file work.cif (mmCIF, C-alpha atoms and all ligand atoms)
data_data
#
loop_
_atom_site.group_PDB
_atom_site.id
_atom_site.type_symbol
_atom_site.label_atom_id
_atom_site.label_comp_id
_atom_site.auth_asym_id
_atom_site.auth_seq_id
_atom_site.Cartn_x
_atom_site.Cartn_y
_atom_site.Cartn_z
ATOM 1 C CA MET A 1 97.279 85.104 117.861
ATOM 2 C CA SER A 2 99.636 82.349 116.865
ATOM 3 C CA THR A 3 103.268 83.288 116.637
ATOM 4 C CA SER A 4 103.698 81.411 113.401
ATOM 5 C CA VAL A 5 100.415 81.729 111.466
ATOM 6 C CA TYR A 6 98.946 85.165 110.768
ATOM 7 C CA PRO A 7 95.563 85.576 109.028
ATOM 8 C CA ILE A 8 95.332 88.176 106.298
ATOM 9 C CA GLU A 9 92.504 89.618 104.169
ATOM 10 C CA ILE A 10 92.787 91.593 100.960
ATOM 11 C CA GLY A 11 89.201 92.374 99.904
ATOM 12 C CA ALA A 12 87.635 89.007 99.068
ATOM 13 C CA ILE A 13 91.013 87.257 99.047
ATOM 14 C CA ARG A 14 91.767 85.376 102.251
ATOM 15 C CA GLY A 15 95.115 84.084 103.341
ATOM 16 C CA ARG A 16 97.695 83.487 106.002
ATOM 17 C CA VAL A 17 101.304 84.321 106.485
ATOM 18 C CA LEU A 18 103.123 81.154 107.561
ATOM 19 C CA LEU A 19 106.427 81.352 109.402
ATOM 20 C CA ASP A 20 108.937 78.983 107.828
ATOM 21 C CA GLY A 21 111.617 79.737 110.412
ATOM 22 C CA VAL A 22 113.836 82.421 111.892
ATOM 23 C CA GLN A 23 117.550 82.633 111.298
ATOM 24 C CA VAL A 24 119.453 84.649 113.882
ATOM 25 C CA VAL A 25 122.045 86.934 112.312
ATOM 26 C CA SER A 26 125.152 87.404 114.438
ATOM 27 C CA ALA A 27 127.365 90.489 114.232
ATOM 28 C CA ASP A 28 129.787 88.456 112.115
ATOM 29 C CA ASP A 29 126.982 87.357 109.782
ATOM 30 C CA LEU A 30 125.868 90.951 109.431
ATOM 31 C CA ALA A 31 129.365 92.043 108.467
ATOM 32 C CA ARG A 32 129.440 89.265 105.872
ATOM 33 C CA ILE A 33 125.964 90.143 104.499
ATOM 34 C CA PHE A 34 126.722 93.892 104.229
ATOM 35 C CA PRO A 35 130.480 93.982 103.579
ATOM 36 C CA ASP A 36 130.467 97.670 102.601
ATOM 37 C CA ASP A 37 127.599 98.962 104.754
ATOM 38 C CA ASN A 38 127.867 96.990 107.973
ATOM 39 C CA GLN A 39 128.306 99.998 110.276
ATOM 40 C CA ARG A 40 125.507 102.035 108.725
ATOM 41 C CA ILE A 41 123.087 99.088 108.827
ATOM 42 C CA ARG A 42 123.964 98.346 112.428
ATOM 43 C CA ALA A 43 123.487 101.982 113.433
ATOM 44 C CA ALA A 44 120.086 102.101 111.715
ATOM 45 C CA SER A 45 118.850 98.778 113.097
ATOM 46 C CA PRO A 46 116.165 99.217 115.725
ATOM 47 C CA ASP A 47 117.054 95.969 117.463
ATOM 48 C CA GLU A 48 120.411 94.914 118.707
ATOM 49 C CA ALA A 49 120.075 91.432 117.251
ATOM 50 C CA LEU A 50 119.011 91.017 113.672
ATOM 51 C CA SER A 51 117.194 87.980 112.407
ATOM 52 C CA LEU A 52 115.787 86.820 109.110
ATOM 53 C CA SER A 53 112.282 85.358 109.096
ATOM 54 C CA GLY A 54 110.891 83.289 106.269
ATOM 55 C CA ASN A 55 107.347 84.603 105.681
ATOM 56 C CA VAL A 56 105.506 82.348 103.242
ATOM 57 C CA LEU A 57 102.187 83.624 101.920
ATOM 58 C CA PHE A 58 99.179 81.338 101.433
ATOM 59 C CA LEU A 59 96.156 82.752 99.573
ATOM 60 C CA GLU A 60 92.693 81.602 98.539
ATOM 61 C CA THR A 61 91.071 83.391 95.634
ATOM 62 C CA ALA A 62 88.295 82.345 93.267
ATOM 63 C CA GLY A 63 88.414 78.775 94.565
ATOM 64 C CA LYS A 64 92.167 78.485 94.021
ATOM 65 C CA ARG A 65 94.751 77.754 96.698
ATOM 66 C CA ILE A 66 98.021 79.544 96.149
ATOM 67 C CA LEU A 67 101.407 79.640 97.836
ATOM 68 C CA VAL A 68 103.874 82.440 97.255
ATOM 69 C CA ASP A 69 107.258 80.761 97.782
ATOM 70 C CA THR A 70 107.826 77.665 99.875
ATOM 71 C CA GLY A 71 110.551 78.271 102.449
ATOM 72 C CA ILE A 72 113.837 76.413 102.804
ATOM 73 C CA GLY A 73 112.444 72.852 102.986
ATOM 74 C CA ASN A 74 115.037 70.312 104.159
ATOM 75 C CA LEU A 75 118.052 72.215 102.847
ATOM 76 C CA MET A 76 119.264 73.359 106.273
ATOM 77 C CA PRO A 77 119.193 70.238 108.459
ATOM 78 C CA ASP A 78 119.754 72.305 111.652
ATOM 79 C CA LEU A 79 116.829 74.564 110.872
ATOM 80 C CA PRO A 80 114.347 72.709 108.645
ATOM 81 C CA GLY A 81 111.511 74.714 107.109
ATOM 82 C CA GLN A 82 108.241 74.749 109.064
ATOM 83 C CA MET A 83 106.004 76.067 106.312
ATOM 84 C CA GLN A 84 104.388 72.751 105.433
ATOM 85 C CA THR A 85 103.701 71.965 109.103
ATOM 86 C CA ARG A 86 102.110 75.396 109.551
ATOM 87 C CA LEU A 87 100.008 74.867 106.442
ATOM 88 C CA ARG A 88 98.686 71.516 107.699
ATOM 89 C CA GLU A 89 97.957 73.050 111.114
ATOM 90 C CA THR A 90 95.584 75.464 109.434
ATOM 91 C CA GLY A 91 93.768 72.570 107.755
ATOM 92 C CA VAL A 92 95.312 72.906 104.314
ATOM 93 C CA GLU A 93 96.802 69.745 102.836
ATOM 94 C CA PRO A 94 99.744 70.212 100.472
ATOM 95 C CA GLU A 95 97.899 68.087 97.893
ATOM 96 C CA SER A 96 95.217 70.791 97.674
ATOM 97 C CA ILE A 97 97.580 73.570 96.534
ATOM 98 C CA ASP A 98 96.722 74.576 92.951
ATOM 99 C CA THR A 99 99.435 77.126 92.220
ATOM 100 C CA VAL A 100 102.864 77.910 93.615
ATOM 101 C CA ILE A 101 104.181 81.323 92.624
ATOM 102 C CA LEU A 102 107.971 81.604 92.841
ATOM 103 C CA SER A 103 109.300 85.098 93.460
ATOM 104 C CA HIS A 104 112.835 83.998 92.586
ATOM 105 C CA PHE A 105 115.013 80.916 92.764
ATOM 106 C CA HIS A 106 117.065 81.375 95.934
ATOM 107 C CA MET A 107 116.968 78.235 98.041
ATOM 108 C CA ASP A 108 115.175 79.829 101.009
ATOM 109 C CA HIS A 109 112.236 80.391 98.641
ATOM 110 C CA ILE A 110 112.182 77.248 96.502
ATOM 111 C CA GLY A 111 113.630 74.678 98.945
ATOM 112 C CA GLY A 112 110.187 73.653 100.177
ATOM 113 C CA LEU A 113 109.081 72.528 96.716
ATOM 114 C CA LEU A 114 110.628 69.104 97.343
ATOM 115 C CA GLY A 115 109.741 66.817 100.234
ATOM 116 C CA ALA A 116 112.294 64.767 102.199
ATOM 117 C CA ASP A 117 111.734 61.979 99.634
ATOM 118 C CA GLY A 118 112.848 64.271 96.818
ATOM 119 C CA GLN A 119 109.344 64.282 95.310
ATOM 120 C CA ALA A 120 107.087 67.271 94.671
ATOM 121 C CA ALA A 121 105.793 68.522 98.036
ATOM 122 C CA PHE A 122 102.740 69.984 96.231
ATOM 123 C CA PRO A 123 102.015 67.210 93.757
ATOM 124 C CA HIS A 124 99.043 68.848 92.038
ATOM 125 C CA ALA A 125 100.403 72.357 91.792
ATOM 126 C CA ARG A 126 101.483 74.220 88.734
ATOM 127 C CA LEU A 127 104.499 76.459 89.239
ATOM 128 C CA VAL A 128 104.537 80.023 87.988
ATOM 129 C CA ALA A 129 107.711 82.095 87.748
ATOM 130 C CA SER A 130 109.385 84.765 85.691
ATOM 131 C CA ARG A 131 110.854 83.553 82.417
ATOM 132 C CA MET A 132 113.856 85.773 83.018
ATOM 133 C CA GLU A 133 114.503 84.073 86.361
ATOM 134 C CA TYR A 134 114.216 80.619 84.862
ATOM 135 C CA ASP A 135 116.447 81.459 81.936
ATOM 136 C CA HIS A 136 119.060 82.977 84.244
ATOM 137 C CA TRP A 137 119.405 80.048 86.665
ATOM 138 C CA MET A 138 118.669 77.106 84.407
ATOM 139 C CA ARG A 139 121.250 77.833 81.710
ATOM 140 C CA GLU A 140 123.750 74.995 81.609
ATOM 141 C CA ASP A 141 126.687 77.393 81.748
ATOM 142 C CA LEU A 142 125.306 79.032 84.890
ATOM 143 C CA LEU A 143 124.392 75.719 86.544
ATOM 144 C CA ALA A 144 127.993 74.647 85.956
ATOM 145 C CA THR A 145 129.208 77.570 88.119
ATOM 146 C CA LEU A 146 126.990 76.644 91.111
ATOM 147 C CA ASP A 147 127.955 74.185 93.816
ATOM 148 C CA GLU A 148 126.714 70.664 93.153
ATOM 149 C CA VAL A 149 124.016 70.675 95.820
ATOM 150 C CA ARG A 150 122.447 73.847 94.519
ATOM 151 C CA ALA A 151 122.669 72.938 90.844
ATOM 152 C CA GLY A 152 121.323 69.454 91.576
ATOM 153 C CA ARG A 153 118.489 70.877 93.609
ATOM 154 C CA LEU A 154 117.453 73.276 90.849
ATOM 155 C CA ARG A 155 117.411 70.492 88.253
ATOM 156 C CA GLN A 156 115.577 68.081 90.545
ATOM 157 C CA THR A 157 112.987 70.672 91.546
ATOM 158 C CA PHE A 158 111.910 71.616 88.063
ATOM 159 C CA ALA A 159 111.968 67.973 86.952
ATOM 160 C CA ALA A 160 109.510 67.137 89.767
ATOM 161 C CA TYR A 161 106.848 69.586 88.548
ATOM 162 C CA PRO A 162 105.503 68.846 85.079
ATOM 163 C CA ARG A 163 103.510 72.096 84.940
ATOM 164 C CA LEU A 164 105.646 75.220 84.850
ATOM 165 C CA ASP A 165 104.283 78.484 83.473
ATOM 166 C CA LEU A 166 106.859 81.171 82.736
ATOM 167 C CA VAL A 167 105.611 84.729 82.467
ATOM 168 C CA GLU A 168 107.091 87.974 81.189
ATOM 169 C CA GLY A 169 106.475 91.455 82.552
ATOM 170 C CA GLN A 170 103.577 92.101 84.908
ATOM 171 C CA ALA A 171 101.262 89.101 84.710
ATOM 172 C CA GLU A 172 98.092 88.085 86.541
ATOM 173 C CA VAL A 173 98.599 84.534 87.766
ATOM 174 C CA GLU A 174 95.265 83.913 89.476
ATOM 175 C CA PRO A 175 92.382 86.386 89.871
ATOM 176 C CA GLY A 176 93.748 89.416 91.746
ATOM 177 C CA VAL A 177 97.245 87.994 92.166
ATOM 178 C CA SER A 178 99.988 89.256 89.825
ATOM 179 C CA LEU A 179 103.713 88.887 89.419
ATOM 180 C CA LEU A 180 105.396 92.276 89.188
ATOM 181 C CA PRO A 181 109.018 92.412 87.991
ATOM 182 C CA ALA A 182 111.337 93.773 90.724
ATOM 183 C CA PRO A 183 114.749 92.867 89.324
ATOM 184 C CA GLY A 184 118.201 93.153 90.835
ATOM 185 C CA HIS A 185 118.125 90.904 93.881
ATOM 186 C CA THR A 186 118.108 88.275 91.147
ATOM 187 C CA PRO A 187 117.599 89.028 87.443
ATOM 188 C CA GLY A 188 113.993 87.818 87.442
ATOM 189 C CA HIS A 189 113.092 88.617 91.046
ATOM 190 C CA CYS A 190 109.389 89.543 91.247
ATOM 191 C CA ALA A 191 107.201 91.313 93.745
ATOM 192 C CA ILE A 192 103.594 90.136 94.080
ATOM 193 C CA TRP A 193 100.696 92.543 93.667
ATOM 194 C CA ILE A 194 97.431 91.424 95.254
ATOM 195 C CA GLU A 195 94.235 93.336 94.644
ATOM 196 C CA SER A 196 90.576 92.684 95.470
ATOM 197 C CA GLU A 197 87.540 94.937 95.942
ATOM 198 C CA GLY A 198 89.700 98.054 96.191
ATOM 199 C CA ALA A 199 92.071 96.562 98.786
ATOM 200 C CA HIS A 200 95.735 95.911 97.996
ATOM 201 C CA LEU A 201 98.841 94.254 99.283
ATOM 202 C CA LEU A 202 102.277 94.646 97.755
ATOM 203 C CA HIS A 203 104.577 91.776 98.678
ATOM 204 C CA VAL A 204 108.083 93.094 98.015
ATOM 205 C CA VAL A 205 109.651 89.706 98.883
ATOM 206 C CA ASP A 206 113.463 90.208 98.976
ATOM 207 C CA SER A 207 113.609 93.801 97.744
ATOM 208 C CA TRP A 208 114.908 94.481 101.238
ATOM 209 C CA HIS A 209 116.000 92.059 103.963
ATOM 210 C CA CYS A 210 115.848 94.181 107.109
ATOM 211 C CA ALA A 211 114.119 97.325 108.361
ATOM 212 C CA ALA A 212 117.372 99.308 108.244
ATOM 213 C CA GLN A 213 117.449 98.908 104.459
ATOM 214 C CA VAL A 214 114.259 100.963 104.186
ATOM 215 C CA GLN A 215 116.220 103.823 105.685
ATOM 216 C CA LEU A 216 119.320 103.000 103.623
ATOM 217 C CA PRO A 217 118.166 101.844 100.195
ATOM 218 C CA ASP A 218 121.697 102.062 98.802
ATOM 219 C CA ALA A 219 123.067 99.564 101.358
ATOM 220 C CA ARG A 220 123.893 96.417 99.436
ATOM 221 C CA PRO A 221 123.496 92.926 100.820
ATOM 222 C CA ILE A 222 125.804 90.337 99.355
ATOM 223 C CA PHE A 223 122.744 88.360 98.150
ATOM 224 C CA ASP A 224 121.921 90.872 95.419
ATOM 225 C CA VAL A 225 123.013 89.521 92.040
ATOM 226 C CA GLN A 226 122.791 92.920 90.304
ATOM 227 C CA PRO A 227 123.361 95.430 93.135
ATOM 228 C CA GLU A 228 122.827 98.646 91.177
ATOM 229 C CA LEU A 229 119.605 97.415 89.640
ATOM 230 C CA ALA A 230 118.468 96.116 93.031
ATOM 231 C CA THR A 231 119.007 99.561 94.570
ATOM 232 C CA SER A 232 117.059 101.278 91.827
ATOM 233 C CA THR A 233 114.181 98.771 92.128
ATOM 234 C CA HIS A 234 114.271 99.192 95.897
ATOM 235 C CA ARG A 235 113.994 102.994 95.563
ATOM 236 C CA ASP A 236 111.119 102.676 93.056
ATOM 237 C CA LEU A 237 109.175 100.348 95.347
ATOM 238 C CA LEU A 238 109.732 102.601 98.363
ATOM 239 C CA ALA A 239 108.572 105.641 96.411
ATOM 240 C CA ARG A 240 105.452 103.857 95.214
ATOM 241 C CA ALA A 241 104.701 102.415 98.650
ATOM 242 C CA GLU A 242 105.019 105.858 100.203
ATOM 243 C CA ALA A 243 103.026 107.700 97.514
ATOM 244 C CA GLU A 244 100.163 105.204 97.564
ATOM 245 C CA SER A 245 100.331 104.420 101.321
ATOM 246 C CA LEU A 246 100.564 100.762 100.408
ATOM 247 C CA ARG A 247 100.246 97.926 102.824
ATOM 248 C CA LEU A 248 103.377 95.834 102.373
ATOM 249 C CA LEU A 249 104.533 92.327 103.026
ATOM 250 C CA THR A 250 108.206 91.335 103.162
ATOM 251 C CA TYR A 251 109.669 87.847 103.128
ATOM 252 C CA HIS A 252 112.473 88.327 105.664
ATOM 253 C CA LEU A 253 111.387 91.033 108.116
ATOM 254 C CA ALA A 254 110.122 90.003 111.553
ATOM 255 C CA PHE A 255 107.048 87.760 111.261
ATOM 256 C CA PRO A 256 104.490 88.343 109.879
ATOM 257 C CA GLY A 257 106.542 90.845 107.847
ATOM 258 C CA LEU A 258 103.627 93.245 107.279
ATOM 259 C CA GLY A 259 104.031 97.002 107.476
ATOM 260 C CA HIS A 260 104.081 100.433 105.868
ATOM 261 C CA ILE A 261 106.625 102.960 104.736
ATOM 262 C CA GLN A 262 106.690 106.256 106.579
ATOM 263 C CA ARG A 263 108.692 109.352 105.755
ATOM 264 C CA GLN A 264 110.833 110.795 108.531
ATOM 265 C CA GLY A 265 112.626 113.835 107.227
ATOM 266 C CA GLU A 266 115.163 112.887 104.601
ATOM 267 C CA HIS A 267 114.575 109.178 104.685
ATOM 268 C CA THR A 268 111.863 106.581 104.918
ATOM 269 C CA VAL A 269 111.421 104.102 107.745
ATOM 270 C CA TRP A 270 109.690 100.759 108.145
ATOM 271 C CA LEU A 271 106.600 100.760 110.327
ATOM 272 C CA PRO A 272 105.617 97.195 111.224
ATOM 273 C CA ALA A 273 101.873 96.517 111.257
HETATM 274 ZN ZN ZN B 301 115.276 85.323 100.525
#
call {"tool": "encode", "arguments": {"input": "work.cif", "output": "structure tokens"}}
result
Amino acid sequence: MSTSVYPIEIGAIRGRVLLDGVQVVSADDLARIFPDDNQRIRAASPDEALSLSGNVLFLETAGKRILVDTGIGNLMPDLPGQMQTRLRETGVEPESIDTVILSHFHMDHIGGLLGADGQAAFPHARLVASRMEYDHWMREDLLATLDEVRAGRLRQTFAAYPRLDLVEGQAEVEPGVSLLPAPGHTPGHCAIWIESEGAHLLHVVDSWHCAAQVQLPDARPIFDVQPELATSTHRDLLARAEAESLRLLTYHLAFPGLGHIQRQGEHTVWLPA
């Protein structure tokens, strides 16, 4: 098994998890990410060192080629995104991608939409995202509060893709693949629900960033735009995942980011696949 490409099947839907990269989180980083919950998170972390993977999902359904998020692209020169390389390695050319689903607009998810030349990395793709997410980030008054690089990147990205479909509520994007609102991390943050022939996968994306957060759903990473809403969404997803024994995918947990929720007494824990 490759350490950076992981095949996945959901009924008739075939896909791969592609590792965009791994960011090592130092003790100082962890304290910065969880300013109020650093000690609790550290105590609940199974591994000494924490790291954040970027797990990009590629799917094929009903003759369509889909990406869920795109990695960081060239936004971190020291650690450029590997997603496109991984995709090509598996024989999929970026030109053949039909649909790119964006879970939310943080740069580690949308950075890969532009190539090094500033052009669309997936020139024939339509983008699909939550209208709420688009309206939140693309308001001129909000763009004016962001640093120039980030604001410029957002403008440039959406200018490079003439086809953008904005959806509201739960919405099927391609057969068996739906956006499912999971707000709080960002206002329009969405999970992805994938269903085929009685099989399911719930991709919770950034509803939690590390395994310890499954045990501590009220721990708040600094990335969450609406922390209280994020916690309530997080709890809802955990409850559903536990009740329905759902197979889960996460964007940032150790590659490939697949696993289950298991109850252990008072709390739930993450069980990697
Ligand atoms: Zn993220």
call {"tool": "residues_near_ligand", "arguments": {"input": "work.cif", "ligand": "ligand ZN 301 (chain B)", "cutoff": "12 Å", "atoms": "all atoms listed in the file", "output": "tab-separated table (two decimals) with C-alpha atoms, in the coordinates of the input"}}
result
chain	number	residue	atom	x	y	z
A	20	ASP	CA	108.94	78.98	107.83
A	21	GLY	CA	111.62	79.74	110.41
A	22	VAL	CA	113.84	82.42	111.89
A	23	GLN	CA	117.55	82.63	111.30
A	52	LEU	CA	115.79	86.82	109.11
A	53	SER	CA	112.28	85.36	109.10
A	54	GLY	CA	110.89	83.29	106.27
A	55	ASN	CA	107.35	84.60	105.68
A	56	VAL	CA	105.51	82.35	103.24
A	69	ASP	CA	107.26	80.76	97.78
A	70	THR	CA	107.83	77.67	99.88
A	71	GLY	CA	110.55	78.27	102.45
A	72	ILE	CA	113.84	76.41	102.80
A	102	LEU	CA	107.97	81.60	92.84
A	103	SER	CA	109.30	85.10	93.46
A	104	HIS	CA	112.84	84.00	92.59
A	105	PHE	CA	115.01	80.92	92.76
A	106	HIS	CA	117.06	81.38	95.93
A	107	MET	CA	116.97	78.24	98.04
A	108	ASP	CA	115.18	79.83	101.01
A	109	HIS	CA	112.24	80.39	98.64
A	110	ILE	CA	112.18	77.25	96.50
A	111	GLY	CA	113.63	74.68	98.94
A	185	HIS	CA	118.12	90.90	93.88
A	186	THR	CA	118.11	88.28	91.15
A	189	HIS	CA	113.09	88.62	91.05
A	190	CYS	CA	109.39	89.54	91.25
A	204	VAL	CA	108.08	93.09	98.02
A	205	VAL	CA	109.65	89.71	98.88
A	206	ASP	CA	113.46	90.21	98.98
A	207	SER	CA	113.61	93.80	97.74
A	208	TRP	CA	114.91	94.48	101.24
A	209	HIS	CA	116.00	92.06	103.96
A	210	CYS	CA	115.85	94.18	107.11
A	221	PRO	CA	123.50	92.93	100.82
A	222	ILE	CA	125.80	90.34	99.36
A	223	PHE	CA	122.74	88.36	98.15
A	224	ASP	CA	121.92	90.87	95.42
A	250	THR	CA	108.21	91.34	103.16
A	251	TYR	CA	109.67	87.85	103.13
A	252	HIS	CA	112.47	88.33	105.66
A	253	LEU	CA	111.39	91.03	108.12
call {"tool": "resolve_selection", "arguments": {"input": "work.cif", "expression": "the PyMOL selection byres (((chain A and resi 238) around 10) and not hetatm)", "output": "ChimeraX atom specification"}}
result
/A:204,207,214-215,217,232-237,239-244,246,260-262,268-270
call {"tool": "atom_distance", "arguments": {"input": "work.cif", "atom1": "CA of Met132 in chain A", "atom2": "CA of Gln156 in chain A"}}
result
19.3 Å
call {"tool": "residues_around", "arguments": {"input": "work.cif", "residues": "range 5-15 of chain A", "least_positions_apart": "4", "cutoff": "7 Å", "atoms": "all atoms listed in the file", "output": "MDAnalysis selection string"}}
result
chainID A and resid 19 58:61 86 195:201 256
call {"tool": "atom_distance", "arguments": {"input": "work.cif", "atom1": "CA of Arg16 in chain A", "atom2": "CA of Ala62 in chain A"}}
result
15.9 Å
call {"tool": "decode", "arguments": {"input": "work.cif", "residues": "range 53-68 of chain A", "atoms": "N, CA and C atoms", "output": "PDB file, in the first residue's frame"}}
result
ATOM      1  N   SER A  53      -2.384  16.085   8.601  1.00  0.00           N
ATOM      2  CA  SER A  53      -2.329  15.639   7.210  1.00  0.00           C
ATOM      3  C   SER A  53      -3.269  16.490   6.377  1.00  0.00           C
ATOM      4  N   GLY A  54      -3.101  16.426   5.091  1.00  0.00           N
ATOM      5  CA  GLY A  54      -4.074  17.002   4.161  1.00  0.00           C
ATOM      6  C   GLY A  54      -4.586  15.858   3.305  1.00  0.00           C
ATOM      7  N   ASN A  55      -5.796  15.360   3.614  1.00  0.00           N
ATOM      8  CA  ASN A  55      -6.347  14.181   2.931  1.00  0.00           C
ATOM      9  C   ASN A  55      -7.382  14.625   1.898  1.00  0.00           C
ATOM     10  N   VAL A  56      -6.954  14.647   0.648  1.00  0.00           N
ATOM     11  CA  VAL A  56      -7.835  15.080  -0.445  1.00  0.00           C
ATOM     12  C   VAL A  56      -8.537  13.845  -1.014  1.00  0.00           C
ATOM     13  N   LEU A  57      -9.827  13.977  -1.245  1.00  0.00           N
ATOM     14  CA  LEU A  57     -10.611  12.838  -1.731  1.00  0.00           C
ATOM     15  C   LEU A  57     -10.880  12.983  -3.228  1.00  0.00           C
ATOM     16  N   PHE A  58     -10.554  11.922  -3.974  1.00  0.00           N
ATOM     17  CA  PHE A  58     -10.882  11.838  -5.398  1.00  0.00           C
ATOM     18  C   PHE A  58     -11.921  10.743  -5.557  1.00  0.00           C
ATOM     19  N   LEU A  59     -12.985  11.016  -6.333  1.00  0.00           N
ATOM     20  CA  LEU A  59     -14.064  10.047  -6.520  1.00  0.00           C
ATOM     21  C   LEU A  59     -14.438   9.931  -7.994  1.00  0.00           C
ATOM     22  N   GLU A  60     -14.877   8.730  -8.381  1.00  0.00           N
ATOM     23  CA  GLU A  60     -15.478   8.542  -9.701  1.00  0.00           C
ATOM     24  C   GLU A  60     -16.864   7.960  -9.509  1.00  0.00           C
ATOM     25  N   THR A  61     -17.852   8.666 -10.017  1.00  0.00           N
ATOM     26  CA  THR A  61     -19.233   8.189  -9.928  1.00  0.00           C
ATOM     27  C   THR A  61     -19.980   8.577 -11.183  1.00  0.00           C
ATOM     28  N   ALA A  62     -20.718   7.625 -11.733  1.00  0.00           N
ATOM     29  CA  ALA A  62     -21.554   7.866 -12.914  1.00  0.00           C
ATOM     30  C   ALA A  62     -20.772   8.591 -14.010  1.00  0.00           C
ATOM     31  N   GLY A  63     -19.536   8.144 -14.234  1.00  0.00           N
ATOM     32  CA  GLY A  63     -18.732   8.720 -15.311  1.00  0.00           C
ATOM     33  C   GLY A  63     -18.158  10.091 -15.005  1.00  0.00           C
ATOM     34  N   LYS A  64     -18.342  10.574 -13.782  1.00  0.00           N
ATOM     35  CA  LYS A  64     -17.805  11.886 -13.417  1.00  0.00           C
ATOM     36  C   LYS A  64     -16.591  11.721 -12.507  1.00  0.00           C
ATOM     37  N   ARG A  65     -15.623  12.603 -12.711  1.00  0.00           N
ATOM     38  CA  ARG A  65     -14.434  12.631 -11.849  1.00  0.00           C
ATOM     39  C   ARG A  65     -14.511  13.855 -10.939  1.00  0.00           C
ATOM     40  N   ILE A  66     -14.407  13.565  -9.652  1.00  0.00           N
ATOM     41  CA  ILE A  66     -14.679  14.588  -8.639  1.00  0.00           C
ATOM     42  C   ILE A  66     -13.499  14.694  -7.681  1.00  0.00           C
ATOM     43  N   LEU A  67     -13.170  15.905  -7.292  1.00  0.00           N
ATOM     44  CA  LEU A  67     -12.249  16.118  -6.173  1.00  0.00           C
ATOM     45  C   LEU A  67     -13.024  16.784  -5.052  1.00  0.00           C
ATOM     46  N   VAL A  68     -12.752  16.364  -3.827  1.00  0.00           N
ATOM     47  CA  VAL A  68     -13.271  17.088  -2.668  1.00  0.00           C
ATOM     48  C   VAL A  68     -12.070  17.807  -2.057  1.00  0.00           C
TER      49      VAL A  68
END
